[in-house]
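Here the structure is laid out as structure tokens; the discussion comes afterwards.
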Amino acid sequence: MRAFRVLSNFPMNTNNNILLDPPATHPNQMLWEKGNYCAIADFMRESGKALVHSLDLKLPLRALDLCCGDGNTAVPLAQRGVEVVGVDISRNLLANAQCRAEAAQVASRLRLLHGDASRLTLLASQSFDLTLSIFGAMFALAPAEVAREMVRVTKSGGRIIMGNWIANDPKSFVSQLLRVSANYAPPPPAGFISPMRWGDPEQVTEWFGGAGIAADRISFQRDSFTFRCAGSPEEFINTYRRFYGPTMNAYAAAEQQGRVDRLHRELVALAEEHAVQTDHGITVPATYLRVTVQC
């Protein structure tokens with residue numbers, strides 16, 4: 001089953017008839033195809049639906065879900081009657097999003113494309129009423145270009161909404177998990193821009209300012225996503241160890257250093273600190289920065 005479809009009912013950029021197909025050596029493609037992020041996304045389904053339901057959606061509406069993963073927000077958007085394009089750099093996640101869309105009977109309203117968030121060459125300017133990226137575009141390698149592309153493809157009068165993890169936020173489980181993992185992983189390459197800078201309002205304002213958006217058209221609020229796991233905190237961490245690219249890299253590096261047990265203890269303690277016990281396992285709330293841009 002092919003997950004990468006050419007759009008037939010969305011405006012195209014006539015100067016480019018294909019979306020950038022990242023090479024197999026693209027570092028982000030390798031990272032997010034390394035494990036199986038679908039296993040992590042399973043923890044986030046209810047919060048993805050809740051976020052979509054929190055949006056003021058007036059149909060008809062066309063939306064871009066940028067770095068859509070396996071459809072955590074793209075599928076609920078389509079279920080609300082929105083015409084959605086989902087773009088992601090991970091082919092396995094797109095394949096799973098296609099299956100989820102078909103199971104939900106919304107495949108006719110969701111088109112999935114393989115590409116880099118910083119080069120949306122297939123998508124024409126001012127194509128979308130809403131551009132959404134929840135914990136996705138923040139990980140793209142060229143943030144200033146990503147901001148410019150999001151602004152370019154969004155209609156005048158439309159909205160861009162991002163969800164971004166906040167660096168060093170003690171209430172953000174994911175930012176803490178990434179912080180601990182980074183202490184064990186190899187140093188990033190020269191010129192690397194941390195994705196956590198998307199959690200800094202001043203930096204976000206600068207990037208969108210470079211795309212022509214005035215600061216008074218950007219607003220910020222702290223919100224919370226809730227992860228739901230049927231197991232224990234250690235089982236929760238074991239899922240990250242097996243399936244989440246950044247954590248997999250940290251464990252591989254720690255094993256070479258003879259420190260894998262130490263890393264595991266740190267991450268389990270982190271999960272225990274954040275977890276709330278329920279009758280069905282645990283929940284792990286995680287604070288994030290919600291960014292709204294009025295184009």
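Each chain of the structure tokens is named A, B, ... in the order shown, its residues numbered from 1; ligands are numbered from 1 in display order.
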* To do: From region 140-198 of chain A, collect each residue whose DSSP state is helix (DSSP H, G or I) and return the set as a PyMOL selection string.
  => chain A and resi 143-153+173-182+195-198
Each residue of region 66-172 of chain A lying at most 10 Å from region 264-281 of chain A should get a row with its shortest atom-to-atom pair and the distance in Å to one decimal, counting only C-alpha atoms; could you produce that, ordered by chain and increasing number, as a tab-separated table?
```
residue	atom	partner	partner_atom	distance
A:Pro170	CA	A:His274	CA	9.4
A:Lys171	CA	A:His274	CA	7.8
A:Ser172	CA	A:His274	CA	8.8
```
May I have the residues within 9 Å of Lys49 (chain A) as an mmCIF file with N, CA and C atoms, in the first residue's frame, using only C-alpha atoms and disregarding those fewer than 5 positions away in the same chain?
```cif
data_model
loop_
_atom_site.group_PDB
_atom_site.id
_atom_site.type_symbol
_atom_site.label_atom_id
_atom_site.label_comp_id
_atom_site.auth_asym_id
_atom_site.auth_seq_id
_atom_site.Cartn_x
_atom_site.Cartn_y
_atom_site.Cartn_z
ATOM 1 N N MET A 44 -0.029 8.939 23.032
ATOM 2 C CA MET A 44 -0.453 10.327 22.890
ATOM 3 C C MET A 44 -1.770 10.492 22.125
ATOM 4 N N SER A 54 -9.786 21.318 20.513
ATOM 5 C CA SER A 54 -9.632 22.641 21.117
ATOM 6 C C SER A 54 -9.525 23.746 20.074
ATOM 7 N N ASN A 72 -1.342 11.532 14.393
ATOM 8 C CA ASN A 72 -1.950 11.783 15.697
ATOM 9 C C ASN A 72 -2.905 12.969 15.692
ATOM 10 N N THR A 73 -2.599 13.988 14.888
ATOM 11 C CA THR A 73 -3.528 15.105 14.742
ATOM 12 C C THR A 73 -4.146 15.136 13.350
ATOM 13 N N VAL A 75 -5.313 12.621 11.487
ATOM 14 C CA VAL A 75 -6.512 11.781 11.406
ATOM 15 C C VAL A 75 -7.692 12.428 12.144
ATOM 16 N N PRO A 76 -7.527 12.918 13.384
ATOM 17 C CA PRO A 76 -8.648 13.617 14.028
ATOM 18 C C PRO A 76 -9.122 14.846 13.258
ATOM 19 N N LEU A 77 -8.201 15.578 12.612
ATOM 20 C CA LEU A 77 -8.619 16.710 11.777
ATOM 21 C C LEU A 77 -9.518 16.226 10.646
#
```
* Asked: A:Ser219, A:Ser90, A:Ser181, A:Gln126: which is nearest Ile237 (chain A), counting only C-alpha atoms?
  ->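 Selected residue with least distance to Ile237 (chain A): A:Ser181.
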* Name all residues at most 8 Å from Ala215 (chain A) (count only C-alpha atoms; drop same-chain ones fewer than 3 positions away) and give them as a ChimeraX atom specification. => /A:205,209,218
Keeping only all heavy atoms, write those residues as a CSV table (one decimal), in the first residue's frame.
```csv
chain,number,residue,atom,x,y,z
A,205,THR,N,9.8,34.1,18.0
A,205,THR,CA,9.4,35.4,17.4
A,205,THR,C,10.4,35.8,16.4
A,205,THR,O,10.1,36.4,15.3
A,205,THR,CB,9.3,36.4,18.6
A,205,THR,OG1,8.3,36.0,19.5
A,205,THR,CG2,9.0,37.8,18.0
A,209,GLY,N,9.6,36.3,12.6
A,209,GLY,CA,9.9,37.7,12.2
A,209,GLY,C,10.7,37.7,10.9
A,209,GLY,O,10.4,38.5,10.0
A,218,ILE,N,2.0,37.0,17.0
A,218,ILE,CA,2.4,35.7,17.6
A,218,ILE,C,2.0,35.7,19.0
A,218,ILE,O,2.3,36.6,19.8
A,218,ILE,CB,3.9,35.5,17.4
A,218,ILE,CG1,4.3,35.8,16.0
A,218,ILE,CG2,4.3,34.1,17.8
A,218,ILE,CD1,5.9,35.8,15.8
```
Any chance you could tabulate, as a tab-separated table, the residues of region 168-286 of chain A at most 12 Å from region 32-42 of chain A with each one's nearest atom pair and distance in Å to one decimal, using only C-alpha atoms, in chain and rising number order?
```
residue	atom	partner	partner_atom	distance
A:Val174	CA	A:Ile40	CA	11.3
A:Phe225	CA	A:Ala41	CA	11.7
A:Thr226	CA	A:Ala41	CA	11.2
A:Phe227	CA	A:Asp42	CA	8.5
A:Arg228	CA	A:Asp42	CA	8.1
A:Cys229	CA	A:Asp42	CA	8.5
A:Ala230	CA	A:Asp42	CA	10.7
A:Glu235	CA	A:Ile40	CA	12.0
A:Phe236	CA	A:Ile40	CA	9.1
A:Ile237	CA	A:Ile40	CA	10.2
A:Asn238	CA	A:Ile40	CA	10.7
A:Thr239	CA	A:Ala39	CA	7.1
A:Tyr240	CA	A:Ile40	CA	7.0
A:Arg241	CA	A:Gly35	CA	9.2
A:Arg242	CA	A:Gly35	CA	6.9
A:Phe243	CA	A:Gly35	CA	4.2
A:Tyr244	CA	A:Gly35	CA	5.6
A:Gly245	CA	A:Gly35	CA	5.5
A:Pro246	CA	A:Trp32	CA	8.5
A:Thr247	CA	A:Gly35	CA	9.6
A:Met248	CA	A:Gly35	CA	7.6
A:Asn249	CA	A:Lys34	CA	9.4
```
Could you save those same residues with C-alpha atoms as a PDB file, in the first residue's frame?
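Writing done, so here's selection-v8.pdb:
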```pdb
ATOM      1  CA  VAL A 174       9.990  14.914  27.144  1.00  0.00           C
ATOM      2  CA  PHE A 225      -0.024  16.821  26.712  1.00  0.00           C
ATOM      3  CA  THR A 226      -0.723  13.628  28.609  1.00  0.00           C
ATOM      4  CA  PHE A 227       0.981  10.341  27.811  1.00  0.00           C
ATOM      5  CA  ARG A 228      -1.023   7.237  28.750  1.00  0.00           C
ATOM      6  CA  CYS A 229       0.721   3.908  29.312  1.00  0.00           C
ATOM      7  CA  ALA A 230      -0.874   0.668  30.432  1.00  0.00           C
ATOM      8  CA  GLU A 235       7.839  -0.300  30.969  1.00  0.00           C
ATOM      9  CA  PHE A 236       7.162   3.226  29.718  1.00  0.00           C
ATOM     10  CA  ILE A 237      10.916   3.911  29.520  1.00  0.00           C
ATOM     11  CA  ASN A 238      11.562   0.527  27.911  1.00  0.00           C
ATOM     12  CA  THR A 239       9.294   1.588  25.051  1.00  0.00           C
ATOM     13  CA  TYR A 240      11.417   4.705  24.535  1.00  0.00           C
ATOM     14  CA  ARG A 241      14.547   2.564  24.724  1.00  0.00           C
ATOM     15  CA  ARG A 242      13.311   0.237  21.969  1.00  0.00           C
ATOM     16  CA  PHE A 243      11.480   2.607  19.645  1.00  0.00           C
ATOM     17  CA  TYR A 244      12.367   6.323  20.076  1.00  0.00           C
ATOM     18  CA  GLY A 245      15.302   7.365  17.890  1.00  0.00           C
ATOM     19  CA  PRO A 246      16.981   9.894  20.240  1.00  0.00           C
ATOM     20  CA  THR A 247      16.726   7.519  23.208  1.00  0.00           C
ATOM     21  CA  MET A 248      17.934   4.578  21.143  1.00  0.00           C
ATOM     22  CA  ASN A 249      21.019   6.600  20.202  1.00  0.00           C
TER      23      ASN A 249
END
```
* Asked: Taking the backbone alone, and naming residues the way the document does, which bits of region 63-277 of chain A are strand (DSSP E) by DSSP, as JSON, numbers by chain?
  -> {"A": [63, 64, 65, 66, 83, 84, 85, 86, 87, 88, 110, 111, 112, 113, 114, 128, 129, 130, 131, 132, 133, 134, 154, 155, 156, 157, 158, 159, 160, 161, 162, 163, 164, 165, 218, 219, 220, 221, 222, 223, 224, 225, 226, 227, 228, 229, 276, 277]}
* For CA of Gln294 (chain A) and CA of Thr131 (chain A), the interatomic separation in Å (one decimal) ->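 Going from CA of Gln294 (chain A) over to CA of Thr131 (chain A), I get 10.6 Å.
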* Do you know which residues are at most 7 Å from region 92-106 of chain A counting only C-alpha atoms, after dropping those on the same chain fewer than 6 positions away, and could you put them as a PyMOL selection string? -> chain A and resi 3+33+38+69-71+75+78-79+112
Generate a file of the selected residues that holds all heavy atoms, formatted as a JSON list (two decimals), in the first residue's frame.
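Written out: part_1.json:
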```json
[["chain", "number", "residue", "atom", "x", "y", "z"],
["A", 3, "ALA", "N", 1.93, 5.03, 0.57],
["A", 3, "ALA", "CA", 1.52, 6.11, 1.46],
["A", 3, "ALA", "C", 1.82, 7.48, 0.90],
["A", 3, "ALA", "O", 1.34, 8.46, 1.42],
["A", 3, "ALA", "CB", 2.23, 5.96, 2.81],
["A", 33, "GLU", "N", 13.27, 7.07, 11.26],
["A", 33, "GLU", "CA", 12.95, 5.73, 10.75],
["A", 33, "GLU", "C", 13.72, 4.65, 11.50],
["A", 33, "GLU", "O", 13.51, 3.47, 11.28],
["A", 33, "GLU", "CB", 13.29, 5.64, 9.25],
["A", 33, "GLU", "CG", 12.35, 6.46, 8.37],
["A", 33, "GLU", "CD", 12.62, 6.29, 6.89],
["A", 33, "GLU", "OE1", 13.59, 5.59, 6.53],
["A", 33, "GLU", "OE2", 11.86, 6.86, 6.08],
["A", 38, "CYS", "N", 5.66, 5.06, 16.14],
["A", 38, "CYS", "CA", 4.25, 4.73, 16.35],
["A", 38, "CYS", "C", 4.00, 4.22, 17.76],
["A", 38, "CYS", "O", 2.94, 4.45, 18.35],
["A", 38, "CYS", "CB", 3.79, 3.70, 15.33],
["A", 38, "CYS", "SG", 4.03, 4.18, 13.61],
["A", 69, "GLY", "N", 3.91, 12.71, 11.45],
["A", 69, "GLY", "CA", 4.09, 11.40, 12.08],
["A", 69, "GLY", "C", 3.10, 10.40, 11.54],
["A", 69, "GLY", "O", 2.83, 10.34, 10.33],
["A", 70, "ASP", "N", 2.51, 9.61, 12.42],
["A", 70, "ASP", "CA", 1.56, 8.60, 11.96],
["A", 70, "ASP", "C", 0.12, 9.08, 12.09],
["A", 70, "ASP", "O", -0.80, 8.28, 12.14],
["A", 70, "ASP", "CB", 1.78, 7.26, 12.68],
["A", 70, "ASP", "CG", 1.30, 7.26, 14.12],
["A", 70, "ASP", "OD1", 1.06, 8.35, 14.67],
["A", 70, "ASP", "OD2", 1.18, 6.16, 14.69],
["A", 71, "GLY", "N", -0.06, 10.40, 12.12],
["A", 71, "GLY", "CA", -1.41, 10.94, 12.02],
["A", 71, "GLY", "C", -2.10, 11.27, 13.32],
["A", 71, "GLY", "O", -3.33, 11.35, 13.37],
["A", 75, "VAL", "N", -5.31, 12.62, 11.49],
["A", 75, "VAL", "CA", -6.51, 11.78, 11.41],
["A", 75, "VAL", "C", -7.69, 12.43, 12.14],
["A", 75, "VAL", "O", -8.80, 12.52, 11.59],
["A", 75, "VAL", "CB", -6.22, 10.36, 11.92],
["A", 75, "VAL", "CG1", -7.51, 9.55, 12.07],
["A", 75, "VAL", "CG2", -5.27, 9.64, 10.96],
["A", 78, "ALA", "N", -9.10, 15.17, 9.96],
["A", 78, "ALA", "CA", -9.91, 14.63, 8.88],
["A", 78, "ALA", "C", -11.26, 14.13, 9.38],
["A", 78, "ALA", "O", -12.28, 14.27, 8.70],
["A", 78, "ALA", "CB", -9.15, 13.52, 8.16],
["A", 79, "GLN", "N", -11.28, 13.57, 10.58],
["A", 79, "GLN", "CA", -12.55, 13.11, 11.16],
["A", 79, "GLN", "C", -13.49, 14.27, 11.44],
["A", 79, "GLN", "O", -14.71, 14.07, 11.49],
["A", 79, "GLN", "CB", -12.28, 12.33, 12.44],
["A", 79, "GLN", "CG", -11.64, 10.97, 12.19],
["A", 79, "GLN", "CD", -11.27, 10.24, 13.48],
["A", 79, "GLN", "OE1", -10.68, 10.84, 14.39],
["A", 79, "GLN", "NE2", -11.58, 8.96, 13.55],
["A", 112, "LEU", "N", -1.03, 12.16, 2.02],
["A", 112, "LEU", "CA", 0.24, 12.04, 2.74],
["A", 112, "LEU", "C", 1.41, 12.16, 1.78],
["A", 112, "LEU", "O", 1.43, 11.52, 0.73],
["A", 112, "LEU", "CB", 0.29, 10.70, 3.48],
["A", 112, "LEU", "CG", -0.80, 10.56, 4.56],
["A", 112, "LEU", "CD1", -0.93, 9.11, 5.00],
["A", 112, "LEU", "CD2", -0.50, 11.45, 5.74]]
```
* To do: Go ahead and compute the interatomic distance for CA of Leu130 (chain A) and CA of Lys58 (chain A), in Å to one decimal.
  =>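 Atom-to-atom, CA of Leu130 (chain A) and CA of Lys58 (chain A) are spaced 10.6 Å apart.
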* Would you mind reading off the distance between CA of Ser125 (chain A) and CA of Met150 (chain A), one decimal, in Å? =>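 So the two atoms, CA of Ser125 (chain A) and CA of Met150 (chain A), lie 9.4 Å apart.
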* **A:Tyr251, A:Phe43, A:Trp198, A:Trp207 ranked by distance to Ala185 (chain A), top pick (using only C-alpha atoms)** =>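 For Ala185 (chain A), the nearest of the candidates is A:Tyr251.
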Which residues come within 8 Å of Arg109 (chain A), counting only C-alpha atoms, excluding same-chain residues fewer than 2 positions away, as a PDB file with N, CA and C atoms, in the first residue's frame?
```
ATOM      1  N   ALA A  78      -9.103  15.167   9.964  1.00  0.00           N
ATOM      2  CA  ALA A  78      -9.911  14.635   8.876  1.00  0.00           C
ATOM      3  C   ALA A  78     -11.259  14.133   9.381  1.00  0.00           C
ATOM      4  N   GLY A  81     -13.901  16.666   9.391  1.00  0.00           N
ATOM      5  CA  GLY A  81     -14.323  17.168   8.100  1.00  0.00           C
ATOM      6  C   GLY A  81     -13.328  18.082   7.411  1.00  0.00           C
ATOM      7  N   VAL A  82     -12.124  18.214   7.972  1.00  0.00           N
ATOM      8  CA  VAL A  82     -11.087  19.067   7.388  1.00  0.00           C
ATOM      9  C   VAL A  82     -10.391  18.307   6.257  1.00  0.00           C
ATOM     10  N   GLU A  83     -10.068  19.026   5.167  1.00  0.00           N
ATOM     11  CA  GLU A  83      -9.242  18.458   4.100  1.00  0.00           C
ATOM     12  C   GLU A  83      -7.790  18.655   4.507  1.00  0.00           C
ATOM     13  N   VAL A  84      -7.042  17.562   4.655  1.00  0.00           N
ATOM     14  CA  VAL A  84      -5.725  17.606   5.289  1.00  0.00           C
ATOM     15  C   VAL A  84      -4.643  17.080   4.348  1.00  0.00           C
ATOM     16  N   VAL A 106     -11.285   7.947   6.641  1.00  0.00           N
ATOM     17  CA  VAL A 106     -11.083   9.349   6.272  1.00  0.00           C
ATOM     18  C   VAL A 106      -9.962   9.500   5.246  1.00  0.00           C
ATOM     19  N   ALA A 107      -9.562   8.416   4.593  1.00  0.00           N
ATOM     20  CA  ALA A 107      -8.445   8.477   3.648  1.00  0.00           C
ATOM     21  C   ALA A 107      -8.731   9.431   2.493  1.00  0.00           C
ATOM     22  N   ARG A 111      -4.269  13.420   2.498  1.00  0.00           N
ATOM     23  CA  ARG A 111      -3.223  13.085   1.540  1.00  0.00           C
ATOM     24  C   ARG A 111      -1.878  13.156   2.252  1.00  0.00           C
TER      25      ARG A 111
END
```
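By only C-alpha atoms, and with residues fewer than 5 positions from Ile213 (chain A) along its chain excluded, the set lying at most 8 Å from it is Phe208, Ile218, Val293 and Cys295 of chain A.
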Selection to disk with N, CA, C and O atoms, as an mmCIF file, in the first residue's frame:
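File produced: result_23.cif:
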```cif
data_model
loop_
_atom_site.group_PDB
_atom_site.id
_atom_site.type_symbol
_atom_site.label_atom_id
_atom_site.label_comp_id
_atom_site.auth_asym_id
_atom_site.auth_seq_id
_atom_site.Cartn_x
_atom_site.Cartn_y
_atom_site.Cartn_z
ATOM 1 N N PHE A 208 9.944 33.614 13.093
ATOM 2 C CA PHE A 208 8.775 34.032 12.322
ATOM 3 C C PHE A 208 8.904 35.482 11.856
ATOM 4 O O PHE A 208 8.385 35.844 10.803
ATOM 5 N N ILE A 218 1.963 37.002 17.021
ATOM 6 C CA ILE A 218 2.390 35.708 17.568
ATOM 7 C C ILE A 218 2.027 35.667 19.043
ATOM 8 O O ILE A 218 2.343 36.600 19.792
ATOM 9 N N VAL A 293 0.269 31.701 15.384
ATOM 10 C CA VAL A 293 0.691 32.767 14.476
ATOM 11 C C VAL A 293 -0.490 33.146 13.602
ATOM 12 O O VAL A 293 -1.081 32.277 12.941
ATOM 13 N N CYS A 295 -1.476 34.839 10.335
ATOM 14 C CA CYS A 295 -0.815 35.234 9.089
ATOM 15 C C CYS A 295 -1.576 36.363 8.369
ATOM 16 O O CYS A 295 -2.708 36.644 8.685
#
```
* **Counting only C-alpha atoms, the residue of A:Leu120, A:Pro233, A:Arg222, A:Pro187 that sits nearest Ala253 (chain A)** =>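 Once distances to Ala253 (chain A) are computed over only C-alpha atoms, the minimum belongs to A:Pro187.
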List every residue of region 213-295 of chain A that has an atom at most 9 Å from any atom of region 155-165 of chain A, and for each one report the closest atom pair and its distance in Å to one decimal, counting only C-alpha atoms, with rows sorted by chain and then by increasing residue number, as a tab-separated table.
```
residue	atom	partner	partner_atom	distance
A:Asp223	CA	A:Gly163	CA	8.7
A:Ala286	CA	A:Trp165	CA	8.5
A:Thr287	CA	A:Trp165	CA	7.2
A:Tyr288	CA	A:Trp165	CA	4.7
A:Leu289	CA	A:Asn164	CA	5.2
A:Arg290	CA	A:Gly163	CA	4.7
A:Val291	CA	A:Met162	CA	5.0
A:Thr292	CA	A:Ile161	CA	4.7
A:Val293	CA	A:Ile160	CA	4.9
A:Gln294	CA	A:Arg159	CA	4.9
A:Cys295	CA	A:Ser156	CA	5.2
```
Selection from above, N, CA, C and O atoms, as a PDB file, in the first residue's frame, can you write it?
```
ATOM      1  N   ASP A 223       0.707  24.762  27.710  1.00  0.00           N
ATOM      2  CA  ASP A 223      -0.359  23.775  27.700  1.00  0.00           C
ATOM      3  C   ASP A 223       0.236  22.443  28.128  1.00  0.00           C
ATOM      4  O   ASP A 223       1.431  22.364  28.441  1.00  0.00           O
ATOM      5  N   ALA A 286       2.937  16.378  30.409  1.00  0.00           N
ATOM      6  CA  ALA A 286       4.137  17.051  29.910  1.00  0.00           C
ATOM      7  C   ALA A 286       3.762  18.442  29.407  1.00  0.00           C
ATOM      8  O   ALA A 286       2.966  18.578  28.479  1.00  0.00           O
ATOM      9  N   THR A 287       4.341  19.452  30.020  1.00  0.00           N
ATOM     10  CA  THR A 287       4.085  20.832  29.625  1.00  0.00           C
ATOM     11  C   THR A 287       4.777  21.136  28.299  1.00  0.00           C
ATOM     12  O   THR A 287       5.872  20.654  28.030  1.00  0.00           O
ATOM     13  N   TYR A 288       4.103  21.933  27.471  1.00  0.00           N
ATOM     14  CA  TYR A 288       4.712  22.369  26.210  1.00  0.00           C
ATOM     15  C   TYR A 288       4.282  23.797  25.904  1.00  0.00           C
ATOM     16  O   TYR A 288       3.375  24.345  26.547  1.00  0.00           O
ATOM     17  N   LEU A 289       4.951  24.406  24.938  1.00  0.00           N
ATOM     18  CA  LEU A 289       4.638  25.765  24.507  1.00  0.00           C
ATOM     19  C   LEU A 289       3.749  25.682  23.260  1.00  0.00           C
ATOM     20  O   LEU A 289       4.128  25.104  22.246  1.00  0.00           O
ATOM     21  N   ARG A 290       2.574  26.270  23.374  1.00  0.00           N
ATOM     22  CA  ARG A 290       1.661  26.338  22.226  1.00  0.00           C
ATOM     23  C   ARG A 290       1.823  27.707  21.568  1.00  0.00           C
ATOM     24  O   ARG A 290       1.647  28.741  22.195  1.00  0.00           O
ATOM     25  N   VAL A 291       2.177  27.684  20.302  1.00  0.00           N
ATOM     26  CA  VAL A 291       2.453  28.904  19.530  1.00  0.00           C
ATOM     27  C   VAL A 291       1.329  29.097  18.519  1.00  0.00           C
ATOM     28  O   VAL A 291       0.972  28.164  17.792  1.00  0.00           O
ATOM     29  N   THR A 292       0.762  30.307  18.475  1.00  0.00           N
ATOM     30  CA  THR A 292      -0.253  30.629  17.482  1.00  0.00           C
ATOM     31  C   THR A 292       0.219  31.845  16.688  1.00  0.00           C
ATOM     32  O   THR A 292       0.553  32.887  17.276  1.00  0.00           O
ATOM     33  N   VAL A 293       0.269  31.701  15.384  1.00  0.00           N
ATOM     34  CA  VAL A 293       0.691  32.767  14.476  1.00  0.00           C
ATOM     35  C   VAL A 293      -0.490  33.146  13.602  1.00  0.00           C
ATOM     36  O   VAL A 293      -1.081  32.277  12.941  1.00  0.00           O
ATOM     37  N   GLN A 294      -0.844  34.409  13.602  1.00  0.00           N
ATOM     38  CA  GLN A 294      -1.894  34.930  12.717  1.00  0.00           C
ATOM     39  C   GLN A 294      -1.219  35.469  11.462  1.00  0.00           C
ATOM     40  O   GLN A 294      -0.449  36.413  11.526  1.00  0.00           O
ATOM     41  N   CYS A 295      -1.476  34.839  10.335  1.00  0.00           N
ATOM     42  CA  CYS A 295      -0.815  35.234   9.089  1.00  0.00           C
ATOM     43  C   CYS A 295      -1.576  36.363   8.369  1.00  0.00           C
ATOM     44  O   CYS A 295      -2.708  36.644   8.685  1.00  0.00           O
TER      45      CYS A 295
END
```
